[in-house]
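The block underneath contains the structure these notes are about, expressed in structure tokens.
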Amino acid sequence: MPLSELLLPEFDAEMKTTRTLLERVPEDKKEFAPHPKSMRLEQLAPHVAELAGFGVTVLTTPELDFAKSTRTRVPFESAAQLVKVFDEGAAKVRAALKNTPDEAWTQNWKLSFQGKPIFDGSRFLAYRQMFLNHLVHHRAQLGVYLRLNDKPLPSTYGPSADDKMGF
């Protein structure tokens with residue numbers, strides 16, 4: 001079985017949970033931040049939405065230098081708009097993941113800014129650390145923002161306090 005086939009169920013589960021969280025982002029709390037050093041919701045929620053598309057870069061290119069990137073940041077217009085951005089990125093990553101041959105996972109992948117290294121390792125490690133774990137990390141932060149604004153949290157790796165599943 002190809003490695004990508006083993007990774008697809010995990011990918012699908014993480015994308016489903018992330019999508020549900022983005023659907024619940026409050027549109028009237030864009031300026032909210034739980035701490036002065038924290039991103040505002042209008043920064044964090046679009047970052048989570050756009051991270052889905054970052055996986056495509058990891059899976060289809062040998063490197064990325066942020067300083068040379070022409071990508072524009074996703075604005076926060078609405079929860080529905082963020083979900084749309086997320087869905088488009090997730091679909092592209094899923095297709096790239098499905099088509100990634102086993103030998104590609106051991107190839108080197110680099111991330112830098114103005115030539116200064118941020119990450120340099122196998123594509124597999126880049127996919128896990130720089131993409132998937134990064135997405136889950138910021139999704140967890142977003143969950144805290146929702147909780148602090150009394151928005152219900154979806155189950156992630158088991159029921160949340162908002163689930164009415166009788167546990």
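As shown in the structure tokens, the chain order sets the letters A, B, ...; within each chain, residues go from 1, and ligands are also counted from 1 in the order they appear.
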
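Every residue of chain A with a DSSP assignment of strand (DSSP E), taken from the backbone, is listed as Glu63, Leu64, Asp65, Asn108, Trp109, Lys110, Leu111, Ser112, Phe113, Lys116, Pro117, Ile118, Phe119, Asp120, Gly121 and Ser122 of chain A.
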
Keeping only N, CA and C atoms, write the selected residues as an mmCIF file, in the first residue's frame.
data_model
loop_
_atom_site.group_PDB
_atom_site.id
_atom_site.type_symbol
_atom_site.label_atom_id
_atom_site.label_comp_id
_atom_site.auth_asym_id
_atom_site.auth_seq_id
_atom_site.Cartn_x
_atom_site.Cartn_y
_atom_site.Cartn_z
ATOM 1 N N GLU A 63 11.092 23.403 -2.486
ATOM 2 C CA GLU A 63 11.391 24.396 -1.454
ATOM 3 C C GLU A 63 10.480 25.604 -1.586
ATOM 4 N N LEU A 64 10.505 26.414 -0.550
ATOM 5 C CA LEU A 64 9.782 27.683 -0.556
ATOM 6 C C LEU A 64 10.598 28.694 0.228
ATOM 7 N N ASP A 65 10.819 29.847 -0.386
ATOM 8 C CA ASP A 65 11.409 30.983 0.309
ATOM 9 C C ASP A 65 10.290 32.010 0.439
ATOM 10 N N ASN A 108 14.408 15.788 -0.154
ATOM 11 C CA ASN A 108 14.615 16.948 0.711
ATOM 12 C C ASN A 108 13.616 18.052 0.371
ATOM 13 N N TRP A 109 13.188 18.775 1.401
ATOM 14 C CA TRP A 109 12.321 19.942 1.223
ATOM 15 C C TRP A 109 12.840 21.033 2.146
ATOM 16 N N LYS A 110 12.847 22.260 1.630
ATOM 17 C CA LYS A 110 13.382 23.393 2.393
ATOM 18 C C LYS A 110 12.369 24.523 2.492
ATOM 19 N N LEU A 111 12.381 25.180 3.629
ATOM 20 C CA LEU A 111 11.604 26.389 3.853
ATOM 21 C C LEU A 111 12.573 27.435 4.370
ATOM 22 N N SER A 112 12.521 28.619 3.783
ATOM 23 C CA SER A 112 13.442 29.680 4.198
ATOM 24 C C SER A 112 12.765 31.041 4.082
ATOM 25 N N PHE A 113 13.441 32.030 4.605
ATOM 26 C CA PHE A 113 13.031 33.422 4.447
ATOM 27 C C PHE A 113 14.288 34.207 4.118
ATOM 28 N N LYS A 116 17.497 32.433 4.574
ATOM 29 C CA LYS A 116 17.804 31.918 5.912
ATOM 30 C C LYS A 116 16.903 30.713 6.192
ATOM 31 N N PRO A 117 17.500 29.560 6.525
ATOM 32 C CA PRO A 117 16.700 28.344 6.693
ATOM 33 C C PRO A 117 15.746 28.395 7.886
ATOM 34 N N ILE A 118 14.544 27.917 7.641
ATOM 35 C CA ILE A 118 13.544 27.727 8.686
ATOM 36 C C ILE A 118 13.370 26.228 8.910
ATOM 37 N N PHE A 119 13.370 25.484 7.805
ATOM 38 C CA PHE A 119 13.233 24.024 7.847
ATOM 39 C C PHE A 119 14.043 23.436 6.707
ATOM 40 N N ASP A 120 14.692 22.311 6.973
ATOM 41 C CA ASP A 120 15.441 21.591 5.954
ATOM 42 C C ASP A 120 15.421 20.116 6.347
ATOM 43 N N GLY A 121 14.630 19.328 5.643
ATOM 44 C CA GLY A 121 14.499 17.917 5.984
ATOM 45 C C GLY A 121 13.720 17.170 4.924
ATOM 46 N N SER A 122 13.289 15.982 5.241
ATOM 47 C CA SER A 122 12.541 15.178 4.277
ATOM 48 C C SER A 122 11.169 15.785 4.010
#

Hey, could you make a per-residue contact list for segment 48-166 of chain A against segment 25-39 of chain A with 12 Å as the cut-off, showing the nearest pair of atoms and its distance in Å to one decimal, counting only C-alpha atoms, sorted by chain and number, as a Markdown table?
| residue | atom | partner | partner_atom | distance |
| --- | --- | --- | --- | --- |
| A:Val48 | CA | A:Val25 | CA | 11.1 |
| A:Ala49 | CA | A:Val25 | CA | 11.1 |
| A:Pro75 | CA | A:Lys30 | CA | 11.0 |
| A:Phe76 | CA | A:Lys30 | CA | 8.0 |
| A:Glu77 | CA | A:Glu27 | CA | 8.1 |
| A:Ser78 | CA | A:Glu27 | CA | 6.0 |
| A:Ala79 | CA | A:Val25 | CA | 5.8 |
| A:Ala80 | CA | A:Val25 | CA | 9.3 |
| A:Gln81 | CA | A:Glu27 | CA | 10.8 |
| A:Leu82 | CA | A:Val25 | CA | 9.1 |
| A:Val83 | CA | A:Val25 | CA | 9.8 |
| A:His138 | CA | A:Met39 | CA | 10.5 |
| A:Arg139 | CA | A:Val25 | CA | 11.2 |
| A:Gln141 | CA | A:Ser38 | CA | 9.5 |
| A:Leu142 | CA | A:Val25 | CA | 8.3 |
| A:Gly143 | CA | A:Val25 | CA | 9.2 |
| A:Val144 | CA | A:Pro34 | CA | 8.5 |
| A:Tyr145 | CA | A:Pro34 | CA | 7.0 |
| A:Leu146 | CA | A:Val25 | CA | 6.8 |
| A:Arg147 | CA | A:Val25 | CA | 10.4 |
| A:Leu148 | CA | A:Pro34 | CA | 7.8 |
| A:Asn149 | CA | A:Pro26 | CA | 8.1 |
| A:Asp150 | CA | A:Pro26 | CA | 9.7 |
| A:Lys151 | CA | A:Pro26 | CA | 7.7 |
| A:Pro152 | CA | A:Val25 | CA | 9.9 |
| A:Leu153 | CA | A:Val25 | CA | 10.1 |
| A:Pro154 | CA | A:Val25 | CA | 11.7 |

Contact residues around Pro101 of chain A with only C-alpha atoms at 8 Å, ignoring same-chain residues under 4 positions, as an MDAnalysis selection string: chainID A and resid 2:4 105

For the atom pair atom CA of Thr18 of chain A and atom CA of Ser69 of chain A, what is the interatomic distance in Å to one decimal place?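 That distance, rounded to one decimal, is 25.1 Å.
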
So, with only C-alpha atoms as the atoms that count, which of A:Gln114, A:Ala104, A:Leu41, A:Asp163 lies closest to Phe66 of chain A?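 Result for the nearest residue to Phe66 of chain A: A:Gln114.
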
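Minimum distance to Ala140 of chain A across A:Ala67, A:Leu21, A:Leu125, A:Val74 (counting only C-alpha atoms) occurs at A:Leu21.
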
Fewer than 3 positions away in the same chain doesn't count, so skip those; otherwise give me all residues within 10 Å of Ala52 of chain A, counting only C-alpha atoms, as a list in words. Met15, Thr18, His47, Val48, Ala49, Gly55, Val56, Val85, Phe86, Asp87, Glu88, Gly89, Ala90, Ala91, Lys92, Val93, Arg94, Phe131, Leu132 and Leu135 of chain A

So that I can check the surroundings of Tyr157 of chain A, please list as number ranges by chain every protein, DNA and RNA residue that reaches within 10 Å of it, counting only C-alpha atoms and ignoring chain neighbours fewer than 3 positions away. A: 13-14, 17, 154, 160

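Taking atom CA of Arg73 of chain A and atom CA of Leu22 of chain A as the two end points, the separation is 16.7 Å.
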
With only C-alpha atoms as the atoms that count, which of A:Leu97, A:Leu59, A:Leu44, A:Leu51 lies nearest to Pro9 of chain A? A:Leu97

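Note that DSSP on the backbone gives helix (DSSP H, G or I) to these residues of segment 87-119 of chain A: A:Asp87, A:Glu88, A:Gly89, A:Ala90, A:Ala91, A:Lys92, A:Val93, A:Arg94, A:Ala95, A:Ala96, A:Leu97, A:Lys98, A:Asp102, A:Glu103, A:Ala104, A:Trp105, A:Thr106.
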
What separates atom CA of Gly158 of chain A and atom CA of Lys98 of chain A is a distance of 26.6 Å
